[in-house]
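Chemist: What follows is start.tsv, TSV, N, CA and C atoms.
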```tsv
chain	number	residue	atom	x	y	z
O	1	MET	N	-88.74	131.09	-62.25
O	1	MET	CA	-88.23	129.79	-62.63
O	1	MET	C	-88.86	128.73	-61.73
O	2	LEU	N	-89.29	127.64	-62.32
O	2	LEU	CA	-89.87	126.55	-61.55
O	2	LEU	C	-88.79	125.84	-60.74
O	3	THR	N	-89.16	125.37	-59.57
O	3	THR	CA	-88.19	124.70	-58.70
O	3	THR	C	-88.56	123.26	-58.39
O	4	GLY	N	-89.75	122.82	-58.77
O	4	GLY	CA	-90.15	121.44	-58.49
O	4	GLY	C	-91.66	121.31	-58.53
O	5	LEU	N	-92.14	120.11	-58.27
O	5	LEU	CA	-93.57	119.86	-58.21
O	5	LEU	C	-94.11	120.37	-56.88
O	6	ASN	N	-95.12	121.23	-56.92
O	6	ASN	CA	-95.66	121.82	-55.71
O	6	ASN	C	-96.74	120.93	-55.10
O	7	HIS	N	-97.76	120.57	-55.88
O	7	HIS	CA	-98.82	119.70	-55.38
O	7	HIS	C	-99.58	119.09	-56.56
O	8	LEU	N	-100.35	118.07	-56.28
O	8	LEU	CA	-101.27	117.48	-57.25
O	8	LEU	C	-102.68	117.77	-56.77
O	9	THR	N	-103.55	118.22	-57.66
O	9	THR	CA	-104.96	118.38	-57.35
O	9	THR	C	-105.73	117.39	-58.20
O	10	LEU	N	-106.53	116.56	-57.55
O	10	LEU	CA	-107.32	115.56	-58.25
O	10	LEU	C	-108.80	115.87	-58.06
O	11	ALA	N	-109.53	115.98	-59.16
O	11	ALA	CA	-110.97	116.19	-59.10
O	11	ALA	C	-111.61	114.88	-58.66
O	12	VAL	N	-112.47	114.96	-57.64
O	12	VAL	CA	-113.12	113.76	-57.10
O	12	VAL	C	-114.62	113.99	-57.02
O	13	THR	N	-115.39	112.90	-57.02
O	13	THR	CA	-116.84	113.00	-56.95
O	13	THR	C	-117.38	112.74	-55.55
O	14	ASP	N	-116.55	112.18	-54.67
O	14	ASP	CA	-116.97	111.87	-53.31
O	14	ASP	C	-115.74	112.04	-52.41
O	15	VAL	N	-115.69	113.14	-51.69
O	15	VAL	CA	-114.50	113.46	-50.88
O	15	VAL	C	-114.23	112.37	-49.85
O	16	ALA	N	-115.25	111.92	-49.13
O	16	ALA	CA	-115.05	110.92	-48.08
O	16	ALA	C	-114.50	109.62	-48.65
O	17	ARG	N	-115.04	109.18	-49.78
O	17	ARG	CA	-114.57	107.94	-50.42
O	17	ARG	C	-113.12	108.08	-50.86
O	18	SER	N	-112.79	109.21	-51.49
O	18	SER	CA	-111.42	109.41	-51.95
O	18	SER	C	-110.46	109.59	-50.78
O	19	LEU	N	-110.89	110.28	-49.74
O	19	LEU	CA	-110.05	110.45	-48.56
O	19	LEU	C	-109.73	109.09	-47.95
O	20	ALA	N	-110.70	108.22	-47.86
O	20	ALA	CA	-110.47	106.87	-47.33
O	20	ALA	C	-109.51	106.10	-48.23
O	21	PHE	N	-109.67	106.18	-49.53
O	21	PHE	CA	-108.80	105.48	-50.47
O	21	PHE	C	-107.35	105.93	-50.30
O	22	TYR	N	-107.14	107.23	-50.32
O	22	TYR	CA	-105.77	107.76	-50.26
O	22	TYR	C	-105.12	107.58	-48.88
O	23	THR	N	-105.90	107.60	-47.82
O	23	THR	CA	-105.31	107.41	-46.49
O	23	THR	C	-105.23	105.93	-46.13
O	24	ASP	N	-106.33	105.20	-46.24
O	24	ASP	CA	-106.37	103.81	-45.79
O	24	ASP	C	-105.60	102.86	-46.70
O	25	LEU	N	-105.69	103.04	-48.01
O	25	LEU	CA	-105.03	102.11	-48.94
O	25	LEU	C	-103.65	102.57	-49.38
O	26	LEU	N	-103.46	103.89	-49.57
O	26	LEU	CA	-102.17	104.37	-50.08
O	26	LEU	C	-101.26	104.92	-49.00
O	27	GLY	N	-101.79	105.16	-47.80
O	27	GLY	CA	-100.94	105.61	-46.70
O	27	GLY	C	-100.68	107.10	-46.65
O	28	CYS	N	-101.46	107.90	-47.35
O	28	CYS	CA	-101.30	109.35	-47.25
O	28	CYS	C	-101.75	109.81	-45.86
O	29	LYS	N	-101.21	110.92	-45.43
O	29	LYS	CA	-101.55	111.49	-44.13
O	29	LYS	C	-102.51	112.65	-44.33
O	30	PRO	N	-103.68	112.63	-43.68
O	30	PRO	CA	-104.60	113.76	-43.82
O	30	PRO	C	-104.06	114.99	-43.09
O	31	ALA	N	-104.18	116.15	-43.75
O	31	ALA	CA	-103.77	117.42	-43.13
O	31	ALA	C	-104.98	118.29	-42.83
O	32	ALA	N	-106.00	118.23	-43.70
O	32	ALA	CA	-107.23	118.99	-43.50
O	32	ALA	C	-108.29	118.41	-44.42
O	33	ALA	N	-109.54	118.55	-44.02
O	33	ALA	CA	-110.66	118.13	-44.87
O	33	ALA	C	-111.82	119.08	-44.65
O	34	TRP	N	-112.60	119.30	-45.68
O	34	TRP	CA	-113.78	120.15	-45.62
O	34	TRP	C	-114.80	119.59	-46.58
O	35	ASP	N	-115.98	120.18	-46.64
O	35	ASP	CA	-117.05	119.64	-47.47
O	35	ASP	C	-116.63	119.47	-48.92
O	36	GLY	N	-115.81	120.38	-49.41
O	36	GLY	CA	-115.45	120.34	-50.83
O	36	GLY	C	-114.08	119.79	-51.13
O	37	GLY	N	-113.40	119.20	-50.14
O	37	GLY	CA	-112.08	118.67	-50.47
O	37	GLY	C	-111.28	118.23	-49.27
O	38	ALA	N	-110.02	117.96	-49.53
O	38	ALA	CA	-109.09	117.54	-48.47
O	38	ALA	C	-107.67	117.80	-48.93
O	39	TYR	N	-106.80	118.02	-47.95
O	39	TYR	CA	-105.36	118.11	-48.19
O	39	TYR	C	-104.71	116.92	-47.51
O	40	LEU	N	-103.80	116.28	-48.24
O	40	LEU	CA	-103.08	115.12	-47.76
O	40	LEU	C	-101.60	115.32	-48.03
O	41	THR	N	-100.78	114.58	-47.30
O	41	THR	CA	-99.36	114.56	-47.61
O	41	THR	C	-98.90	113.13	-47.80
O	42	LEU	N	-97.88	112.99	-48.60
O	42	LEU	CA	-97.21	111.71	-48.82
O	42	LEU	C	-95.73	112.06	-48.97
O	43	GLY	N	-94.98	111.88	-47.90
O	43	GLY	CA	-93.61	112.37	-47.90
O	43	GLY	C	-93.64	113.88	-48.03
O	44	ASP	N	-92.93	114.41	-49.01
O	44	ASP	CA	-92.92	115.85	-49.26
O	44	ASP	C	-94.01	116.29	-50.23
O	45	LEU	N	-94.77	115.35	-50.77
O	45	LEU	CA	-95.80	115.67	-51.74
O	45	LEU	C	-97.09	116.10	-51.07
O	46	TRP	N	-97.68	117.17	-51.58
O	46	TRP	CA	-98.97	117.68	-51.12
O	46	TRP	C	-100.00	117.28	-52.16
O	47	ILE	N	-101.07	116.63	-51.74
O	47	ILE	CA	-102.14	116.22	-52.63
O	47	ILE	C	-103.43	116.92	-52.19
O	48	CYS	N	-104.12	117.50	-53.15
O	48	CYS	CA	-105.41	118.11	-52.88
O	48	CYS	C	-106.49	117.28	-53.57
O	49	LEU	N	-107.49	116.87	-52.82
O	49	LEU	CA	-108.67	116.23	-53.38
O	49	LEU	C	-109.73	117.31	-53.45
O	50	SER	N	-110.24	117.59	-54.64
O	50	SER	CA	-111.17	118.70	-54.82
O	50	SER	C	-112.48	118.20	-55.41
O	51	LEU	N	-113.57	118.41	-54.67
O	51	LEU	CA	-114.89	117.98	-55.12
O	51	LEU	C	-115.23	118.69	-56.43
O	52	ASP	N	-115.53	117.91	-57.46
O	52	ASP	CA	-115.82	118.47	-58.77
O	52	ASP	C	-116.85	117.58	-59.46
O	53	PRO	N	-118.12	117.97	-59.44
O	53	PRO	CA	-119.16	117.14	-60.05
O	53	PRO	C	-118.93	116.87	-61.52
O	54	ALA	N	-118.15	117.71	-62.21
O	54	ALA	CA	-117.86	117.48	-63.62
O	54	ALA	C	-117.08	116.18	-63.83
O	55	ARG	N	-116.38	115.73	-62.83
O	55	ARG	CA	-115.61	114.49	-62.96
O	55	ARG	C	-116.52	113.31	-63.27
O	56	ALA	N	-117.76	113.35	-62.79
O	56	ALA	CA	-118.70	112.26	-63.00
O	56	ALA	C	-119.16	112.17	-64.46
O	57	VAL	N	-119.08	113.27	-65.21
O	57	VAL	CA	-119.53	113.26	-66.60
O	57	VAL	C	-118.39	113.25	-67.60
O	58	VAL	N	-117.19	113.56	-67.15
O	58	VAL	CA	-116.03	113.53	-68.04
O	58	VAL	C	-115.45	112.12	-67.98
O	59	PRO	N	-115.38	111.45	-69.12
O	59	PRO	CA	-114.84	110.08	-69.09
O	59	PRO	C	-113.36	110.07	-68.73
O	60	PRO	N	-112.91	109.03	-68.03
O	60	PRO	CA	-111.48	108.93	-67.74
O	60	PRO	C	-110.67	108.93	-69.03
O	61	GLN	N	-109.46	109.40	-68.94
O	61	GLN	CA	-108.59	109.47	-70.10
O	61	GLN	C	-108.20	108.08	-70.58
O	62	ALA	N	-108.03	107.95	-71.86
O	62	ALA	CA	-107.61	106.68	-72.44
O	62	ALA	C	-106.13	106.73	-72.81
O	63	ASP	N	-105.42	107.74	-72.31
O	63	ASP	CA	-104.01	107.87	-72.64
O	63	ASP	C	-103.13	107.38	-71.49
O	64	TYR	N	-101.84	107.62	-71.61
O	64	TYR	CA	-100.87	107.11	-70.65
O	64	TYR	C	-100.60	108.09	-69.51
O	65	THR	N	-101.26	109.22	-69.46
O	65	THR	CA	-101.06	110.19	-68.38
O	65	THR	C	-101.41	109.52	-67.06
O	66	HIS	N	-100.47	109.62	-66.09
O	66	HIS	CA	-100.69	109.01	-64.79
O	66	HIS	C	-99.76	109.64	-63.77
O	67	TYR	N	-100.01	109.33	-62.50
O	67	TYR	CA	-99.19	109.84	-61.40
O	67	TYR	C	-98.55	108.64	-60.72
O	68	ALA	N	-97.22	108.66	-60.64
O	68	ALA	CA	-96.48	107.52	-60.09
O	68	ALA	C	-95.94	107.85	-58.71
O	69	PHE	N	-96.12	106.92	-57.80
O	69	PHE	CA	-95.63	107.03	-56.44
O	69	PHE	C	-94.50	106.04	-56.23
O	70	SER	N	-93.52	106.40	-55.43
O	70	SER	CA	-92.41	105.51	-55.12
O	70	SER	C	-92.83	104.51	-54.05
O	71	ILE	N	-92.29	103.30	-54.19
O	71	ILE	CA	-92.51	102.26	-53.18
O	71	ILE	C	-91.24	101.44	-53.06
O	72	ALA	N	-90.89	101.03	-51.86
O	72	ALA	CA	-89.71	100.19	-51.65
O	72	ALA	C	-89.95	98.81	-52.26
O	73	GLN	N	-88.93	98.25	-52.84
O	73	GLN	CA	-89.04	96.94	-53.48
O	73	GLN	C	-89.61	95.90	-52.54
O	74	GLN	N	-89.17	95.91	-51.29
O	74	GLN	CA	-89.63	94.89	-50.34
O	74	GLN	C	-91.11	95.03	-49.98
O	75	ASP	N	-91.70	96.19	-50.23
O	75	ASP	CA	-93.11	96.42	-49.94
O	75	ASP	C	-94.02	96.23	-51.14
O	76	PHE	N	-93.43	96.09	-52.33
O	76	PHE	CA	-94.21	96.11	-53.56
O	76	PHE	C	-95.25	94.99	-53.65
O	77	ALA	N	-94.85	93.76	-53.48
O	77	ALA	CA	-95.78	92.62	-53.67
O	77	ALA	C	-96.95	92.68	-52.70
O	78	ALA	N	-96.68	93.00	-51.45
O	78	ALA	CA	-97.77	93.08	-50.46
O	78	ALA	C	-98.71	94.23	-50.77
O	79	PHE	N	-98.17	95.37	-51.21
O	79	PHE	CA	-98.99	96.53	-51.57
O	79	PHE	C	-99.91	96.17	-52.73
O	80	ARG	N	-99.35	95.58	-53.77
O	80	ARG	CA	-100.15	95.20	-54.95
O	80	ARG	C	-101.24	94.20	-54.56
O	81	ALA	N	-100.88	93.20	-53.80
O	81	ALA	CA	-101.86	92.19	-53.37
O	81	ALA	C	-102.97	92.82	-52.53
O	82	ARG	N	-102.60	93.74	-51.65
O	82	ARG	CA	-103.59	94.40	-50.79
O	82	ARG	C	-104.59	95.19	-51.61
O	83	LEU	N	-104.09	95.99	-52.57
O	83	LEU	CA	-105.00	96.79	-53.38
O	83	LEU	C	-105.89	95.91	-54.26
O	84	LEU	N	-105.31	94.89	-54.86
O	84	LEU	CA	-106.13	93.98	-55.67
O	84	LEU	C	-107.17	93.28	-54.81
O	85	GLY	N	-106.80	92.91	-53.59
O	85	GLY	CA	-107.73	92.29	-52.66
O	85	GLY	C	-108.88	93.21	-52.26
O	86	GLU	N	-108.65	94.51	-52.34
O	86	GLU	CA	-109.69	95.50	-52.03
O	86	GLU	C	-110.52	95.85	-53.26
O	87	GLY	N	-110.25	95.18	-54.38
O	87	GLY	CA	-111.02	95.42	-55.59
O	87	GLY	C	-110.55	96.58	-56.44
O	88	VAL	N	-109.35	97.10	-56.16
O	88	VAL	CA	-108.81	98.19	-56.95
O	88	VAL	C	-108.50	97.66	-58.36
O	89	ILE	N	-108.83	98.46	-59.36
O	89	ILE	CA	-108.68	98.04	-60.76
O	89	ILE	C	-107.27	98.32	-61.26
O	90	GLU	N	-106.66	97.31	-61.89
O	90	GLU	CA	-105.37	97.46	-62.56
O	90	GLU	C	-105.65	97.89	-63.99
O	91	TRP	N	-105.13	99.05	-64.43
O	91	TRP	CA	-105.45	99.59	-65.75
O	91	TRP	C	-104.39	99.30	-66.80
O	92	ARG	N	-103.25	98.78	-66.40
O	92	ARG	CA	-102.19	98.50	-67.36
O	92	ARG	C	-101.23	97.50	-66.74
O	93	LYS	N	-100.68	96.65	-67.55
O	93	LYS	CA	-99.64	95.72	-67.11
O	93	LYS	C	-98.29	96.40	-67.28
O	94	ASN	N	-97.36	96.09	-66.41
O	94	ASN	CA	-96.04	96.70	-66.47
O	94	ASN	C	-95.26	96.17	-67.67
O	95	ARG	N	-94.65	97.11	-68.41
O	95	ARG	CA	-93.83	96.75	-69.56
O	95	ARG	C	-92.46	97.42	-69.52
O	96	SER	N	-92.09	97.98	-68.38
O	96	SER	CA	-90.82	98.68	-68.31
O	96	SER	C	-89.99	98.19	-67.12
O	97	GLU	N	-88.84	98.78	-66.97
O	97	GLU	CA	-87.89	98.43	-65.91
O	97	GLU	C	-88.52	98.57	-64.53
O	98	GLY	N	-88.16	97.66	-63.65
O	98	GLY	CA	-88.61	97.75	-62.26
O	98	GLY	C	-90.06	97.31	-62.10
O	99	ASP	N	-90.42	96.94	-60.89
O	99	ASP	CA	-91.80	96.56	-60.60
O	99	ASP	C	-92.68	97.79	-60.58
O	100	SER	N	-93.78	97.71	-61.31
O	100	SER	CA	-94.78	98.77	-61.33
O	100	SER	C	-96.16	98.16	-61.27
O	101	PHE	N	-97.03	98.80	-60.51
O	101	PHE	CA	-98.43	98.42	-60.44
O	101	PHE	C	-99.23	99.64	-60.84
O	102	TYR	N	-99.95	99.54	-61.94
O	102	TYR	CA	-100.77	100.62	-62.48
O	102	TYR	C	-102.21	100.39	-62.02
O	103	PHE	N	-102.79	101.34	-61.30
O	103	PHE	CA	-104.12	101.14	-60.73
O	103	PHE	C	-104.93	102.43	-60.79
O	104	LEU	N	-106.25	102.27	-60.66
O	104	LEU	CA	-107.17	103.40	-60.69
O	104	LEU	C	-107.63	103.76	-59.29
O	105	ASP	N	-107.81	105.06	-59.04
O	105	ASP	CA	-108.45	105.47	-57.79
O	105	ASP	C	-109.96	105.43	-58.00
O	106	PRO	N	-110.77	105.73	-56.99
O	106	PRO	CA	-112.23	105.61	-57.15
O	106	PRO	C	-112.84	106.49	-58.24
O	107	ASP	N	-112.13	107.55	-58.66
O	107	ASP	CA	-112.64	108.42	-59.71
O	107	ASP	C	-111.97	108.18	-61.06
O	108	GLY	N	-111.22	107.10	-61.18
O	108	GLY	CA	-110.60	106.75	-62.45
O	108	GLY	C	-109.28	107.43	-62.74
O	109	HIS	N	-108.69	108.13	-61.76
O	109	HIS	CA	-107.35	108.69	-61.98
O	109	HIS	C	-106.37	107.53	-62.12
O	110	GLN	N	-105.52	107.63	-63.10
O	110	GLN	CA	-104.55	106.57	-63.38
O	110	GLN	C	-103.30	106.80	-62.52
O	111	LEU	N	-103.03	105.83	-61.65
O	111	LEU	CA	-101.93	105.92	-60.70
O	111	LEU	C	-100.97	104.76	-60.92
O	112	GLU	N	-99.78	104.88	-60.35
O	112	GLU	CA	-98.77	103.83	-60.43
O	112	GLU	C	-97.98	103.80	-59.13
O	113	ALA	N	-97.63	102.61	-58.70
O	113	ALA	CA	-96.65	102.42	-57.63
O	113	ALA	C	-95.44	101.82	-58.30
O	114	HIS	N	-94.29	102.48	-58.20
O	114	HIS	CA	-93.08	102.04	-58.92
O	114	HIS	C	-91.92	101.84	-57.95
O	115	ALA	N	-91.32	100.66	-58.02
O	115	ALA	CA	-90.17	100.34	-57.18
O	115	ALA	C	-88.89	100.57	-58.00
O	116	GLY	N	-88.58	101.80	-58.22
O	116	GLY	CA	-87.40	102.19	-58.99
O	116	GLY	C	-87.31	103.70	-58.98
O	117	ASP	N	-86.36	104.23	-59.73
O	117	ASP	CA	-86.21	105.68	-59.82
O	117	ASP	C	-85.65	106.02	-61.19
O	118	LEU	N	-85.40	107.29	-61.42
O	118	LEU	CA	-84.89	107.72	-62.72
O	118	LEU	C	-83.54	107.07	-63.02
O	119	HIS	N	-82.69	106.94	-62.01
O	119	HIS	CA	-81.38	106.34	-62.21
O	119	HIS	C	-81.50	104.90	-62.72
O	120	SER	N	-82.35	104.10	-62.09
O	120	SER	CA	-82.50	102.71	-62.52
O	120	SER	C	-83.16	102.63	-63.90
O	121	ARG	N	-84.09	103.54	-64.19
O	121	ARG	CA	-84.74	103.56	-65.51
O	121	ARG	C	-83.72	103.88	-66.60
O	122	LEU	N	-82.89	104.90	-66.36
O	122	LEU	CA	-81.89	105.27	-67.37
O	122	LEU	C	-80.86	104.17	-67.57
O	123	ALA	N	-80.48	103.49	-66.49
O	123	ALA	CA	-79.53	102.38	-66.63
O	123	ALA	C	-80.13	101.29	-67.51
O	124	ALA	N	-81.38	100.96	-67.32
O	124	ALA	CA	-82.04	99.95	-68.16
O	124	ALA	C	-82.16	100.43	-69.60
O	125	CYS	N	-82.45	101.71	-69.78
O	125	CYS	CA	-82.59	102.26	-71.13
O	125	CYS	C	-81.26	102.32	-71.86
O	126	ARG	N	-80.18	102.48	-71.13
O	126	ARG	CA	-78.87	102.45	-71.79
O	126	ARG	C	-78.58	101.06	-72.36
O	127	LEU	N	-79.10	100.03	-71.72
O	127	LEU	CA	-78.93	98.67	-72.22
O	127	LEU	C	-79.88	98.37	-73.37
O	128	GLN	N	-81.09	98.89	-73.29
O	128	GLN	CA	-82.10	98.68	-74.33
O	128	GLN	C	-82.84	99.99	-74.55
O	129	PRO	N	-82.24	100.90	-75.34
O	129	PRO	CA	-82.87	102.22	-75.52
O	129	PRO	C	-84.16	102.14	-76.32
O	130	TYR	N	-85.08	103.07	-76.01
O	130	TYR	CA	-86.30	103.22	-76.79
O	130	TYR	C	-85.91	103.76	-78.18
O	131	ALA	N	-86.76	103.56	-79.16
O	131	ALA	CA	-86.49	104.03	-80.52
O	131	ALA	C	-86.20	105.53	-80.50
O	132	GLY	N	-85.07	105.92	-81.07
O	132	GLY	CA	-84.69	107.33	-81.18
O	132	GLY	C	-84.24	107.97	-79.87
O	133	MET	N	-83.97	107.18	-78.84
O	133	MET	CA	-83.62	107.72	-77.52
O	133	MET	C	-82.24	108.36	-77.54
O	134	ARG	N	-82.14	109.54	-76.88
O	134	ARG	CA	-80.88	110.24	-76.70
O	134	ARG	C	-80.68	110.47	-75.21
O	135	PHE	N	-79.46	110.47	-74.77
O	135	PHE	CA	-79.15	110.72	-73.36
O	135	PHE	C	-78.40	112.03	-73.25
O	136	PHE	N	-78.69	112.80	-72.22
O	136	PHE	CA	-78.08	114.09	-72.00
O	136	PHE	C	-77.18	114.01	-70.78
O	137	ASP	N	-75.94	113.69	-71.00
O	137	ASP	CA	-75.00	113.54	-69.88
O	137	ASP	C	-74.21	114.81	-69.67
```
Could you rewrite the structure in this file as structure tokens?
Modeler:
Amino acid sequence: MLTGLNHLTLAVTDVARSLAFYTDLLGCKPAAAWDGGAYLTLGDLWICLSLDPARAVVPPQADYTHYAFSIAQQDFAAFRARLLGEGVIEWRKNRSEGDSFYFLDPDGHQLEAHAGDLHSRLAACRLQPYAGMRFFD
């Protein structure tokens, strides 16, 4: 039986560039690095950056699949401004509850910084449910 999310592995084309992005801009803590990858932590989350030349030829996804990170509300505006100031690309405008900044990493992985949680999302959805939405209480 599954017990939770163990780790995220992201295919990258340049380990040093991605390591700098995730540590310097996102605040991840490096745990180990080698020629073909790196291990980072962010709170309890383990992130693996794995060198994969195929990433350079596979186009980024055009769907909504993304990885969302939590951020405190008081830190949101400064975080967004900092990343935009560094030239990070915003791939989507926020259309849901709570402040969200949708951005790309150097290899086109779709990421999000969200100042909210499941509880706040469900509370907003109870007020304005999505089409066909059901709640399991």
Chemist: Taking the DSSP assignment computed from this structure's backbone, write out as a ChimeraX atom specification all residues of region 25-125 of chain O that belong to strand (DSSP E).
Modeler: /O:29-34,37-42,45-51,67-70,90-92,99-104,110-115
Chemist: Give me the residues within 7 Å of Thr41 (chain O) as a JSON list (two decimals) with N, CA and C atoms, in the frame of the given file, counting all atoms listed in the file and dropping any in the same chain fewer than 2 places off.
Modeler:
```json
[["chain", "number", "residue", "atom", "x", "y", "z"],
["O", 27, "GLY", "N", -101.79, 105.16, -47.80],
["O", 27, "GLY", "CA", -100.94, 105.61, -46.70],
["O", 27, "GLY", "C", -100.68, 107.10, -46.65],
["O", 28, "CYS", "N", -101.46, 107.90, -47.35],
["O", 28, "CYS", "CA", -101.30, 109.35, -47.25],
["O", 28, "CYS", "C", -101.75, 109.81, -45.86],
["O", 29, "LYS", "N", -101.21, 110.92, -45.43],
["O", 29, "LYS", "CA", -101.55, 111.49, -44.13],
["O", 29, "LYS", "C", -102.51, 112.65, -44.33],
["O", 30, "PRO", "N", -103.68, 112.63, -43.68],
["O", 30, "PRO", "CA", -104.60, 113.76, -43.82],
["O", 30, "PRO", "C", -104.06, 114.99, -43.09],
["O", 31, "ALA", "N", -104.18, 116.15, -43.75],
["O", 31, "ALA", "CA", -103.77, 117.42, -43.13],
["O", 31, "ALA", "C", -104.98, 118.29, -42.83],
["O", 39, "TYR", "N", -106.80, 118.02, -47.95],
["O", 39, "TYR", "CA", -105.36, 118.11, -48.19],
["O", 39, "TYR", "C", -104.71, 116.92, -47.51],
["O", 43, "GLY", "N", -94.98, 111.88, -47.90],
["O", 43, "GLY", "CA", -93.61, 112.37, -47.90],
["O", 43, "GLY", "C", -93.64, 113.88, -48.03],
["O", 44, "ASP", "N", -92.93, 114.41, -49.01],
["O", 44, "ASP", "CA", -92.92, 115.85, -49.26],
["O", 44, "ASP", "C", -94.01, 116.29, -50.23],
["O", 45, "LEU", "N", -94.77, 115.35, -50.77],
["O", 45, "LEU", "CA", -95.80, 115.67, -51.74],
["O", 45, "LEU", "C", -97.09, 116.10, -51.07],
["O", 46, "TRP", "N", -97.68, 117.17, -51.58],
["O", 46, "TRP", "CA", -98.97, 117.68, -51.12],
["O", 46, "TRP", "C", -100.00, 117.28, -52.16],
["O", 47, "ILE", "N", -101.07, 116.63, -51.74],
["O", 47, "ILE", "CA", -102.14, 116.22, -52.63],
["O", 47, "ILE", "C", -103.43, 116.92, -52.19]]
```
Chemist: What separation in Å, quoted to one decimal, exists between atom N of Asp52 (chain O) and atom C of Glu112 (chain O)?
Modeler: 22.6 Å
Chemist: For a cutoff of 6 Å around the file-coordinate point (-91.6, 101.6, -57.6), which residues qualify once you count only C-alpha atoms? I'd like the result as an MDAnalysis selection string.
Modeler: chainID O and resid 70:71 99:100 113:116
Chemist: Given the choices O:Ala131, O:Ser18, O:Gln110, O:His66, which gets closest to Gly37 (chain O) if the distance is worked out from only C-alpha atoms?
Modeler: O:Ser18
Chemist: Choose the residue, out of O:Leu25, O:Ala81, O:Pro106, O:Asp117, that has the smallest atom-to-atom separation from Thr13 (chain O); count all atoms listed in the file.
Modeler: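 Selected residue with least distance to Thr13 (chain O): O:Pro106.
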Chemist: List every protein, DNA or RNA residue with an atom no more than 7 Å from (-113.2, 123.1, -52.8) in the file's coordinates, counting only C-alpha atoms, and format the result as a list in words.
Modeler: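 Applying the cut-off with only C-alpha atoms, one gets Gly36, Gly37, Ser50 and Leu51 of chain O.
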Chemist: How would the residues just picked look written out with N, CA and C atoms as a CSV table (one decimal), in the coordinates of the input?
Modeler:
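File out20.csv, as written:
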```csv
chain,number,residue,atom,x,y,z
O,36,GLY,N,-115.8,120.4,-49.4
O,36,GLY,CA,-115.4,120.3,-50.8
O,36,GLY,C,-114.1,119.8,-51.1
O,37,GLY,N,-113.4,119.2,-50.1
O,37,GLY,CA,-112.1,118.7,-50.5
O,37,GLY,C,-111.3,118.2,-49.3
O,50,SER,N,-110.2,117.6,-54.6
O,50,SER,CA,-111.2,118.7,-54.8
O,50,SER,C,-112.5,118.2,-55.4
O,51,LEU,N,-113.6,118.4,-54.7
O,51,LEU,CA,-114.9,118.0,-55.1
O,51,LEU,C,-115.2,118.7,-56.4
```
Chemist: Work out how far apart atom C of Ala62 (chain O) and atom N of Phe136 (chain O) are and give it in Å to one decimal.
Modeler: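 Computing the Euclidean distance for atom C of Ala62 (chain O) and atom N of Phe136 (chain O) yields 28.1 Å.
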